[in-house]
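Reproduced below: protein.csv, with CSV, C-alpha atoms.
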chain,number,residue,atom,x,y,z
A,135,MET,CA,18.6,6.7,-18.3
A,136,ASP,CA,16.2,3.8,-18.6
A,137,ILE,CA,17.0,0.1,-17.9
A,138,HIS,CA,15.4,-3.1,-18.9
A,139,GLU,CA,12.7,-4.9,-16.9
A,140,TYR,CA,15.0,-7.8,-15.9
A,141,GLN,CA,17.7,-5.3,-14.7
A,142,ALA,CA,15.2,-3.4,-12.5
A,143,LYS,CA,14.0,-6.7,-11.1
A,144,GLU,CA,17.5,-7.8,-10.2
A,145,LEU,CA,18.1,-4.5,-8.4
A,146,LEU,CA,14.8,-4.7,-6.5
A,147,ALA,CA,15.3,-8.3,-5.6
A,148,THR,CA,18.6,-7.5,-3.9
A,149,HIS,CA,16.5,-5.3,-1.5
A,150,GLY,CA,13.9,-7.9,-0.8
A,151,VAL,CA,11.2,-7.3,-3.4
A,152,ARG,CA,9.7,-10.7,-4.4
A,153,MET,CA,9.9,-11.7,-8.1
A,154,PRO,CA,8.9,-14.7,-10.2
A,155,ARG,CA,11.8,-16.9,-11.1
A,156,GLY,CA,13.2,-16.0,-14.5
A,157,GLY,CA,16.2,-16.0,-16.8
A,158,LEU,CA,17.7,-14.1,-19.7
A,159,ALA,CA,17.9,-15.5,-23.3
A,160,TYR,CA,19.6,-14.3,-26.5
A,161,SER,CA,18.5,-17.2,-28.7
A,162,PRO,CA,15.5,-19.6,-29.1
A,163,GLU,CA,17.7,-22.5,-27.9
A,164,GLN,CA,18.7,-20.5,-24.8
A,165,ALA,CA,15.1,-19.5,-24.2
A,166,ALA,CA,13.9,-23.2,-24.2
A,167,TYR,CA,16.8,-24.1,-21.9
A,168,ARG,CA,15.8,-21.3,-19.5
A,169,ALA,CA,12.2,-22.7,-19.4
A,170,THR,CA,13.4,-26.1,-18.4
A,171,GLU,CA,15.8,-24.6,-15.9
A,172,ILE,CA,13.0,-22.6,-14.3
A,173,GLY,CA,10.7,-25.5,-14.2
A,174,GLY,CA,6.9,-25.6,-14.1
A,175,ASP,CA,4.5,-26.0,-17.0
A,176,ARG,CA,3.8,-22.4,-18.2
A,177,TRP,CA,6.1,-19.5,-18.9
A,178,VAL,CA,6.0,-15.9,-20.2
A,179,VAL,CA,8.4,-14.8,-22.9
A,180,LYS,CA,9.0,-11.1,-22.6
A,181,ALA,CA,10.7,-8.8,-25.1
A,182,GLN,CA,13.3,-6.6,-23.3
A,183,VAL,CA,12.9,-3.2,-24.7
A,184,HIS,CA,12.7,0.3,-23.1
A,185,SER,CA,9.0,0.7,-23.4
A,186,GLY,CA,5.7,0.0,-21.7
A,187,ALA,CA,2.6,-1.5,-23.4
A,188,ARG,CA,4.7,-4.4,-24.6
A,189,GLY,CA,1.8,-6.8,-24.1
A,190,LYS,CA,-0.6,-4.9,-26.4
A,191,ALA,CA,2.1,-4.8,-29.1
A,192,GLY,CA,2.7,-8.5,-29.0
A,193,GLY,CA,6.0,-8.4,-27.1
A,194,ILE,CA,4.8,-10.7,-24.3
A,195,ILE,CA,3.8,-14.3,-25.2
A,196,LEU,CA,2.4,-17.0,-22.9
A,197,CYS,CA,3.7,-20.5,-23.6
A,198,ASP,CA,2.7,-24.0,-22.4
A,199,SER,CA,5.8,-25.9,-23.5
A,200,ASP,CA,9.5,-25.4,-24.1
A,201,THR,CA,8.8,-25.8,-27.8
A,202,GLU,CA,6.4,-22.9,-27.7
A,203,VAL,CA,9.0,-20.9,-25.7
A,204,SER,CA,11.5,-21.6,-28.5
A,205,GLU,CA,9.0,-20.6,-31.2
A,206,ALA,CA,8.1,-17.4,-29.3
A,207,ALA,CA,11.7,-16.5,-29.0
A,208,GLU,CA,12.2,-17.2,-32.8
A,209,LYS,CA,9.3,-14.8,-33.5
A,210,LEU,CA,10.5,-12.0,-31.3
A,211,LEU,CA,14.3,-11.8,-31.5
A,212,GLY,CA,15.7,-9.5,-34.1
A,213,GLN,CA,12.3,-7.8,-34.6
A,214,ARG,CA,11.5,-4.1,-33.8
A,215,LEU,CA,8.6,-3.8,-31.3
A,216,VAL,CA,6.4,-0.8,-32.0
A,217,THR,CA,4.3,0.5,-29.1
A,218,HIS,CA,2.7,3.9,-28.6
A,219,GLN,CA,5.8,4.8,-26.5
A,220,THR,CA,8.4,3.9,-29.1
A,221,GLY,CA,7.2,5.9,-32.1
A,222,PRO,CA,6.8,4.3,-35.5
A,223,GLN,CA,10.4,3.2,-35.7
A,224,GLY,CA,10.0,0.8,-32.7
A,225,LYS,CA,12.8,-0.7,-30.6
A,226,LEU,CA,15.0,-3.6,-31.5
A,227,ILE,CA,14.4,-6.9,-29.5
A,228,ASN,CA,17.9,-8.4,-28.9
A,229,ARG,CA,17.2,-10.1,-25.6
A,230,LEU,CA,14.3,-11.9,-23.9
A,231,TYR,CA,13.3,-12.6,-20.3
A,232,ILE,CA,11.8,-16.0,-19.7
A,233,GLU,CA,9.7,-16.1,-16.5
A,234,GLU,CA,7.4,-18.5,-14.6
A,235,THR,CA,3.7,-17.6,-14.4
A,236,VAL,CA,2.2,-16.7,-11.1
A,237,LYS,CA,-1.4,-17.2,-9.8
A,238,ILE,CA,-2.9,-13.7,-9.6
A,239,ASP,CA,-5.5,-13.0,-6.9
A,240,LYS,CA,-5.3,-9.2,-7.2
A,241,GLU,CA,-3.5,-6.7,-9.4
A,242,LEU,CA,-2.1,-3.4,-7.9
A,243,TYR,CA,-0.2,-0.4,-9.2
A,244,LEU,CA,2.9,1.0,-7.3
A,245,GLY,CA,4.9,4.0,-8.6
A,246,PHE,CA,7.6,6.3,-7.2
A,247,VAL,CA,8.4,9.6,-8.9
A,248,LEU,CA,10.2,12.8,-8.0
A,249,ASP,CA,7.8,15.7,-7.3
A,250,ARG,CA,10.1,18.5,-8.4
A,251,LYS,CA,7.7,21.2,-7.3
A,252,GLU,CA,7.6,19.9,-3.7
A,253,GLU,CA,11.2,18.6,-3.9
A,254,ARG,CA,10.1,15.2,-2.5
A,255,ILE,CA,9.6,11.6,-3.5
A,256,MET,CA,6.0,11.0,-4.3
A,257,ILE,CA,4.4,7.5,-4.1
A,258,VAL,CA,1.3,6.7,-6.1
A,259,ALA,CA,-0.5,3.4,-5.6
A,260,SER,CA,-3.7,2.0,-6.9
A,261,SER,CA,-5.9,-1.1,-6.4
A,262,GLU,CA,-6.5,-1.1,-10.1
A,263,GLY,CA,-3.2,-2.6,-11.4
A,264,GLY,CA,-2.6,-3.7,-15.0
A,265,MET,CA,-3.6,-0.3,-16.5
A,266,GLU,CA,-1.3,2.6,-17.2
A,267,ILE,CA,-1.4,5.3,-14.6
A,268,GLU,CA,-3.0,7.9,-16.9
A,269,GLN,CA,-5.8,5.4,-17.5
A,270,ILE,CA,-6.2,4.6,-13.8
A,271,ALA,CA,-6.4,8.4,-13.0
A,272,SER,CA,-9.1,8.7,-15.7
A,273,ASP,CA,-11.1,5.5,-15.1
A,274,ALA,CA,-10.6,4.9,-11.4
A,275,PRO,CA,-9.4,8.1,-9.7
A,276,ASP,CA,-10.9,7.0,-6.3
A,277,SER,CA,-8.4,4.0,-6.3
A,278,LEU,CA,-5.4,6.3,-6.2
A,279,VAL,CA,-3.4,6.5,-3.0
A,280,ARG,CA,-0.8,9.2,-2.7
A,281,ALA,CA,2.0,9.9,-0.2
A,282,SER,CA,5.0,12.1,-0.2
A,283,VAL,CA,8.3,11.6,1.7
A,284,ASP,CA,9.9,14.2,3.8
A,285,PRO,CA,13.6,14.2,2.6
A,286,GLY,CA,14.8,14.9,6.1
A,287,LEU,CA,13.0,12.0,7.7
A,288,GLY,CA,12.8,9.4,4.9
A,289,MET,CA,9.9,7.1,4.4
A,290,ARG,CA,8.4,5.9,7.7
A,291,GLU,CA,6.8,2.5,8.2
A,292,PHE,CA,3.5,4.1,9.1
A,293,GLN,CA,3.3,5.7,5.7
A,294,ALA,CA,3.8,2.3,4.0
A,295,ARG,CA,1.1,0.8,6.2
A,296,GLU,CA,-1.3,3.7,5.3
A,297,ILE,CA,-0.7,3.0,1.6
A,298,ALA,CA,-1.2,-0.8,2.1
A,299,PHE,CA,-4.5,-0.2,4.0
A,300,GLY,CA,-5.5,2.3,1.3
A,301,LEU,CA,-5.2,-0.4,-1.3
A,302,GLY,CA,-7.8,-2.5,0.6
A,303,LEU,CA,-5.5,-5.5,1.2
A,304,ASP,CA,-6.3,-8.4,3.5
A,305,ALA,CA,-4.5,-8.4,6.8
A,306,ALA,CA,-2.6,-11.5,5.8
A,307,VAL,CA,-0.6,-9.6,3.2
A,308,ILE,CA,-0.3,-6.1,4.7
A,309,GLY,CA,3.1,-6.9,6.2
A,310,LYS,CA,4.4,-8.2,2.8
A,311,ALA,CA,3.0,-5.1,1.0
A,312,VAL,CA,4.7,-2.8,3.6
A,313,ASP,CA,8.0,-4.6,3.1
A,314,THR,CA,7.7,-4.2,-0.6
A,315,ILE,CA,6.9,-0.5,-0.5
A,316,LEU,CA,9.8,0.2,1.9
A,317,ALA,CA,12.2,-1.8,-0.2
A,318,CYS,CA,11.2,0.1,-3.4
A,319,TYR,CA,11.7,3.4,-1.6
A,320,ARG,CA,15.3,2.3,-0.5
A,321,VAL,CA,16.2,1.4,-4.1
A,322,PHE,CA,14.7,4.6,-5.4
A,323,ARG,CA,16.6,6.7,-2.9
A,324,ASP,CA,19.9,4.9,-2.8
A,325,PHE,CA,20.4,4.7,-6.6
A,326,ASP,CA,19.2,8.2,-7.6
A,327,ALA,CA,16.3,6.9,-9.5
A,328,SER,CA,13.9,9.4,-11.2
A,329,MET,CA,11.0,6.8,-11.7
A,330,LEU,CA,10.2,3.4,-10.4
A,331,GLU,CA,7.0,1.6,-11.5
A,332,ILE,CA,5.7,-1.9,-10.7
A,333,ASN,CA,2.6,-2.6,-12.7
A,334,PRO,CA,1.2,-5.0,-11.9
A,335,LEU,CA,2.2,-5.7,-8.3
A,336,VAL,CA,0.1,-8.8,-7.6
A,337,VAL,CA,-1.2,-10.5,-4.5
A,338,SER,CA,-0.7,-14.2,-5.0
A,339,GLY,CA,-2.0,-16.2,-2.0
A,340,ASN,CA,-0.3,-14.7,1.0
A,341,ASP,CA,2.5,-13.2,-1.0
A,342,VAL,CA,3.1,-9.9,-2.8
A,343,ILE,CA,5.0,-10.2,-6.1
A,344,ALA,CA,6.3,-7.8,-8.7
A,345,LEU,CA,5.3,-9.1,-12.2
A,346,ASP,CA,6.8,-6.1,-14.1
A,347,ALA,CA,9.2,-3.3,-13.2
A,348,LYS,CA,10.4,-0.1,-14.9
A,349,MET,CA,13.1,2.2,-13.7
A,350,SER,CA,14.7,5.4,-14.9
A,351,PHE,CA,17.7,7.1,-13.3
A,352,ASP,CA,19.0,10.7,-13.1
A,353,GLU,CA,21.8,10.9,-15.7
A,354,ASN,CA,23.4,13.8,-13.8
A,355,ALA,CA,24.0,11.4,-10.9
A,356,LEU,CA,25.4,8.5,-12.9
A,357,PHE,CA,29.0,9.6,-12.2
A,358,ARG,CA,28.5,8.3,-8.7
A,359,ARG,CA,26.5,5.2,-9.7
A,360,PRO,CA,28.9,3.2,-11.9
A,361,GLU,CA,26.9,0.0,-11.2
A,362,ILE,CA,23.9,1.7,-12.8
A,363,SER,CA,25.9,3.2,-15.7
A,364,GLU,CA,26.9,-0.3,-16.6
A,365,LEU,CA,23.3,-1.2,-17.2
A,366,ARG,CA,23.0,1.2,-20.2
A,367,ASP,CA,21.8,-0.5,-23.4
A,368,LYS,CA,22.7,1.8,-26.3
A,369,SER,CA,20.6,-0.3,-28.8
A,370,GLN,CA,17.5,1.1,-27.1
A,371,GLU,CA,18.5,4.8,-27.5
A,372,ASP,CA,18.1,7.3,-30.4
A,373,PRO,CA,21.5,6.8,-32.1
A,374,ARG,CA,21.8,10.6,-32.7
A,375,GLU,CA,21.4,11.2,-29.0
A,376,THR,CA,23.9,8.4,-28.1
A,377,PHE,CA,26.5,9.8,-30.5
A,378,ALA,CA,26.2,13.2,-28.9
A,379,SER,CA,26.1,11.9,-25.4
A,380,ASP,CA,29.3,9.9,-25.9
A,381,ARG,CA,31.0,13.2,-26.9
A,382,GLY,CA,29.8,15.1,-23.9
A,383,LEU,CA,27.1,17.0,-25.9
A,384,SER,CA,23.4,17.3,-25.1
A,385,TYR,CA,21.2,16.5,-28.1
A,386,VAL,CA,17.5,16.1,-28.7
A,387,GLY,CA,16.2,14.8,-32.0
A,388,LEU,CA,12.9,16.2,-33.4
A,389,ASP,CA,10.9,15.8,-36.6
A,390,GLY,CA,11.5,19.0,-38.6
A,391,ASP,CA,14.3,20.1,-41.0
A,392,ILE,CA,16.1,23.0,-39.3
A,393,GLY,CA,19.1,21.9,-37.3
A,394,CYS,CA,19.9,24.1,-34.2
A,395,ILE,CA,23.1,24.6,-32.3
A,396,ILE,CA,22.5,26.6,-29.1
A,397,ASN,CA,23.9,27.1,-25.6
A,398,GLY,CA,21.5,26.6,-22.7
A,399,ALA,CA,18.2,24.8,-22.4
A,400,GLY,CA,16.2,28.0,-21.9
A,401,LEU,CA,17.6,29.5,-25.1
A,402,ALA,CA,16.9,26.2,-26.9
A,403,MET,CA,13.3,26.4,-25.9
A,404,ALA,CA,13.0,30.1,-27.0
A,405,THR,CA,14.7,29.2,-30.3
A,406,MET,CA,12.3,26.3,-31.0
A,407,ASP,CA,9.3,28.6,-30.3
A,408,MET,CA,10.7,31.3,-32.6
A,409,ILE,CA,11.3,28.9,-35.5
A,410,LYS,CA,7.7,27.6,-35.2
A,411,ILE,CA,6.3,31.2,-35.0
A,412,ALA,CA,8.3,31.9,-38.2
A,413,GLY,CA,6.7,28.9,-39.9
A,414,GLY,CA,9.4,26.3,-39.6
A,415,GLU,CA,10.0,23.1,-37.8
A,416,PRO,CA,13.2,22.3,-35.8
A,417,ALA,CA,14.9,19.0,-36.7
A,418,ASN,CA,16.9,18.9,-33.5
A,419,PHE,CA,18.7,21.0,-31.0
A,420,LEU,CA,22.2,20.6,-29.7
A,421,ASP,CA,23.4,22.3,-26.5
A,422,ILE,CA,27.1,23.1,-26.7
A,423,GLY,CA,27.1,24.0,-23.0
A,424,GLY,CA,29.3,26.6,-21.4
A,425,GLY,CA,32.9,27.5,-22.4
A,426,ALA,CA,32.7,25.7,-25.7
A,427,SER,CA,36.0,25.6,-27.6
A,428,PRO,CA,36.2,26.0,-31.4
A,429,ASP,CA,36.8,22.2,-31.6
A,430,ARG,CA,33.6,21.5,-29.6
A,431,VAL,CA,31.6,23.8,-31.9
A,432,ALA,CA,32.9,22.1,-35.0
A,433,LYS,CA,32.1,18.7,-33.4
A,434,SER,CA,28.6,19.9,-32.8
A,435,PHE,CA,28.1,20.4,-36.6
A,436,ARG,CA,29.0,16.8,-37.2
A,437,VAL,CA,26.3,15.7,-34.8
A,438,VAL,CA,23.6,18.0,-36.2
A,439,LEU,CA,24.4,17.1,-39.8
A,440,ALA,CA,24.2,13.4,-39.0
A,441,ASP,CA,20.4,13.9,-39.2
A,442,LYS,CA,19.6,13.5,-42.9
A,443,ASN,CA,16.5,15.7,-42.5
A,444,VAL,CA,18.5,18.8,-41.8
A,445,LYS,CA,18.3,21.3,-44.7
A,446,VAL,CA,19.3,24.5,-42.8
A,447,ILE,CA,21.4,25.1,-39.7
A,448,LEU,CA,20.7,27.9,-37.2
A,449,VAL,CA,23.4,28.7,-34.6
A,450,ASN,CA,22.0,30.8,-31.8
A,451,ILE,CA,24.5,31.8,-29.0
A,452,PHE,CA,24.0,34.1,-26.1
A,453,ALA,CA,27.6,34.2,-24.7
A,454,GLY,CA,28.2,34.6,-21.0
A,455,ILE,CA,30.6,31.9,-20.0
A,456,ASN,CA,31.0,31.2,-23.8
A,457,ARG,CA,32.8,33.5,-26.1
A,458,CYS,CA,31.4,34.6,-29.4
A,459,ASP,CA,34.9,34.7,-31.0
A,460,TRP,CA,35.4,31.0,-30.1
A,461,VAL,CA,32.0,30.1,-31.5
A,462,ALA,CA,32.9,31.9,-34.7
A,463,GLU,CA,36.2,30.1,-35.0
A,464,GLY,CA,34.3,26.9,-34.5
A,465,VAL,CA,31.9,27.8,-37.3
A,466,VAL,CA,34.9,28.5,-39.6
A,467,LYS,CA,36.5,25.2,-38.6
A,468,ALA,CA,33.3,23.3,-39.3
A,469,LEU,CA,33.0,24.9,-42.7
A,470,ALA,CA,36.6,23.8,-43.5
A,471,GLU,CA,36.6,20.4,-42.0
A,472,VAL,CA,33.0,19.0,-41.7
A,473,GLY,CA,31.6,20.1,-45.0
A,474,VAL,CA,28.4,22.1,-44.3
A,475,ASN,CA,26.5,22.0,-47.6
A,476,CYS,CA,23.4,23.7,-46.4
A,477,PRO,CA,22.4,27.3,-45.6
A,478,LEU,CA,23.9,28.5,-42.3
A,479,ILE,CA,22.4,31.3,-40.2
A,480,VAL,CA,24.4,32.5,-37.1
A,481,ARG,CA,23.1,34.8,-34.4
A,482,LEU,CA,25.8,35.9,-31.8
A,483,SER,CA,25.2,38.0,-28.7
A,484,GLY,CA,27.2,38.6,-25.5
A,485,THR,CA,30.9,38.2,-24.7
A,486,LYS,CA,33.3,39.1,-27.6
A,487,VAL,CA,30.4,39.5,-30.0
A,488,GLU,CA,32.1,42.1,-32.2
A,489,GLU,CA,35.2,39.9,-32.5
A,490,GLY,CA,33.0,37.0,-33.4
A,491,LYS,CA,31.1,38.9,-36.1
A,492,ARG,CA,34.5,40.1,-37.5
A,493,ILE,CA,35.8,36.6,-37.8
A,494,LEU,CA,32.7,35.4,-39.6
A,495,ALA,CA,32.7,38.4,-42.0
A,496,GLU,CA,36.4,37.8,-42.9
A,497,LYS,CA,36.5,34.0,-42.9
A,498,ALA,CA,33.0,32.8,-43.6
A,499,PRO,CA,31.4,35.5,-45.9
A,500,ASN,CA,28.6,33.1,-47.1
A,501,VAL,CA,27.2,32.7,-43.6
A,502,THR,CA,24.1,34.7,-42.9
A,503,VAL,CA,24.6,36.7,-39.7
A,504,ALA,CA,21.5,37.9,-37.8
A,505,ASP,CA,21.4,40.4,-34.9
A,506,THR,CA,18.3,39.1,-33.1
A,507,LEU,CA,16.7,35.7,-32.6
A,508,LYS,CA,13.6,36.8,-34.5
A,509,GLU,CA,15.8,37.8,-37.5
A,510,ALA,CA,17.7,34.5,-37.3
A,511,ALA,CA,14.5,32.3,-37.2
A,512,GLU,CA,12.9,34.2,-40.1
A,513,ALA,CA,16.2,33.9,-42.1
A,514,ALA,CA,16.4,30.1,-41.4
A,515,VAL,CA,12.8,29.6,-42.5
A,516,ALA,CA,13.3,31.7,-45.7
A,517,ALA,CA,16.5,29.7,-46.5
A,518,LEU,CA,14.5,26.5,-46.0
A,519,GLN,CA,11.8,27.6,-48.4
A,520,SER,CA,14.5,28.5,-51.0
A,521,VAL,CA,16.0,25.0,-50.6
A,522,ASN,CA,12.6,23.4,-51.0
A,523,ARG,CA,11.8,25.5,-54.1
A,524,ASN,CA,15.1,24.6,-55.7
A,525,ALA,CA,14.6,20.9,-55.0
A,526,ALA,CA,11.1,20.9,-56.5

Show me this structure written as structure tokens.
Amino acid sequence: MDIHEYQAKELLATHGVRMPRGGLAYSPEQAAYRATEIGGDRWVVKAQVHSGARGKAGGIILCDSDTEVSEAAEKLLGQRLVTHQTGPQGKLINRLYIEETVKIDKELYLGFVLDRKEERIMIVASSEGGMEIEQIASDAPDSLVRASVDPGLGMREFQAREIAFGLGLDAAVIGKAVDTILACYRVFRDFDASMLEINPLVVSGNDVIALDAKMSFDENALFRRPEISELRDKSQEDPRETFASDRGLSYVGLDGDIGCIINGAGLAMATMDMIKIAGGEPANFLDIGGGASPDRVAKSFRVVLADKNVKVILVNIFAGINRCDWVAEGVVKALAEVGVNCPLIVRLSGTKVEEGKRILAEKAPNVTVADTLKEAAEAAVAALQSVNRNAA
């Protein structure tokens, strides 16, 4: 789960990371008031959307008066900001962060991620802040400083000092940089974060200040982090994924026209591959999880059909914990209650498979039943081609 810049800054500030003074605004009038409240003679108006590269997309505006702050807010609020990270649909700007400007002597990059292969927190820092990490790795690879944290020991102060010295900082700010790195590590560890990025982290005089901040969190740990769950902004999420998530289902939206209902991430990947090999494009995939009841299966059809691009549905179940007869009952229930007005291909395998096939044969004779994933994918693509021919 992603959070906004201002939320990440509030979290980091509580652990000692230095930030510019700022305030949130939902209207041009409130934005101008925030500027006068902060004081000074120059401010930054920042669109709060879950995306990087906001500056290049026009989402960050420098202002020299409260009137300019109000005009910038008028320009941004209610618009959709399109960056290379948002896709062409962009993300709605419904709040702004007004912040004082800071004198910049040096820009740095500081990032924390989970190295899943090593099962450790990895810190990546660079003296070339202001660029994206991929660009830094390409243009200035020698500037990268890396360190990993032993989970049994936690991050040690000497590691933070090695990073600070590796960034070529003056002795006067080494201590501030060490404090910042250790504070970021504590926030990352204590709140089950999966990514923390400060770019740029700037040296301003004898201080070290975070000008921007991005954080993502492990959704599987949110049950024990209610204070983080409350930071969720559904307006920044794919509405299809939000609809599914609110109902306990895992859903990923894609760009094709074959909707997929599957159990298990591995089977989902195999199904996506097989559809593409057969010449089709998946529109989405929904993971019904283990032990799915007929009601849960029927509910899954509502989520998949909410995507208007879906012209064919492929159900692919390999039942271990699940039961094929329950899935079949769910398919029948969906046909009766949801209104599935497109070709439906079902492939069942595993627990109670014969019972499941019998239920489909008796109660859903128009459903195409396949014995293998290859047959199911080819049948789905053939059905799609038939739909397209009839529509032409």

9 Å contact set for Leu303 in chain A, only C-alpha atoms, chain neighbours under 6 positions out, as number ranges by chain: A: 261, 311, 337

Pick from A:Arg436, A:Arg155, A:Arg359, A:Arg366 nearest to Arg381 in chain A, counting all atoms listed in the file: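 The closest residue to Arg381 in chain A is A:Arg436.
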
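With distances taken over all atoms listed in the file, A:Lys433 is the one residue among A:Arg290, A:Lys433, A:Arg481, A:Lys491 lying closest to Gly464 in chain A.
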
Separation of CA of Pro162 in chain A from CA of Asn228 in chain A, in Å and rounded to one decimal: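 One can read the CA of Pro162 in chain A to CA of Asn228 in chain A distance as 11.5 Å.
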
Who sits within 12 Å of Ala432 in chain A, all atoms listed in the file, same chain under 5 positions skipped, as a ChimeraX atom specification: /A:383,395,422,426-427,437-439,449,460-474

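When only C-alpha atoms are used to measure the gap to Ile409 in chain A, the shortest distance among A:Met329, A:Leu158, A:Leu335, A:Ile447 belongs to A:Ile447.
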
Distance of CA of Phe299 in chain A from CA of Asp341 in chain A, expressed in Å to one decimal place: 15.6 Å

Residues near Trp177 in chain A, cut-off 8 Å, only C-alpha atoms, skip fewer than 3 positions along chain, as a list in words: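 Near neighbours after the sequence-gap exclusion: Ala169, Gly174, Leu196, Cys197, Asp198, Ser199, Val203, Ile232, Glu233, Glu234 and Thr235 of chain A.
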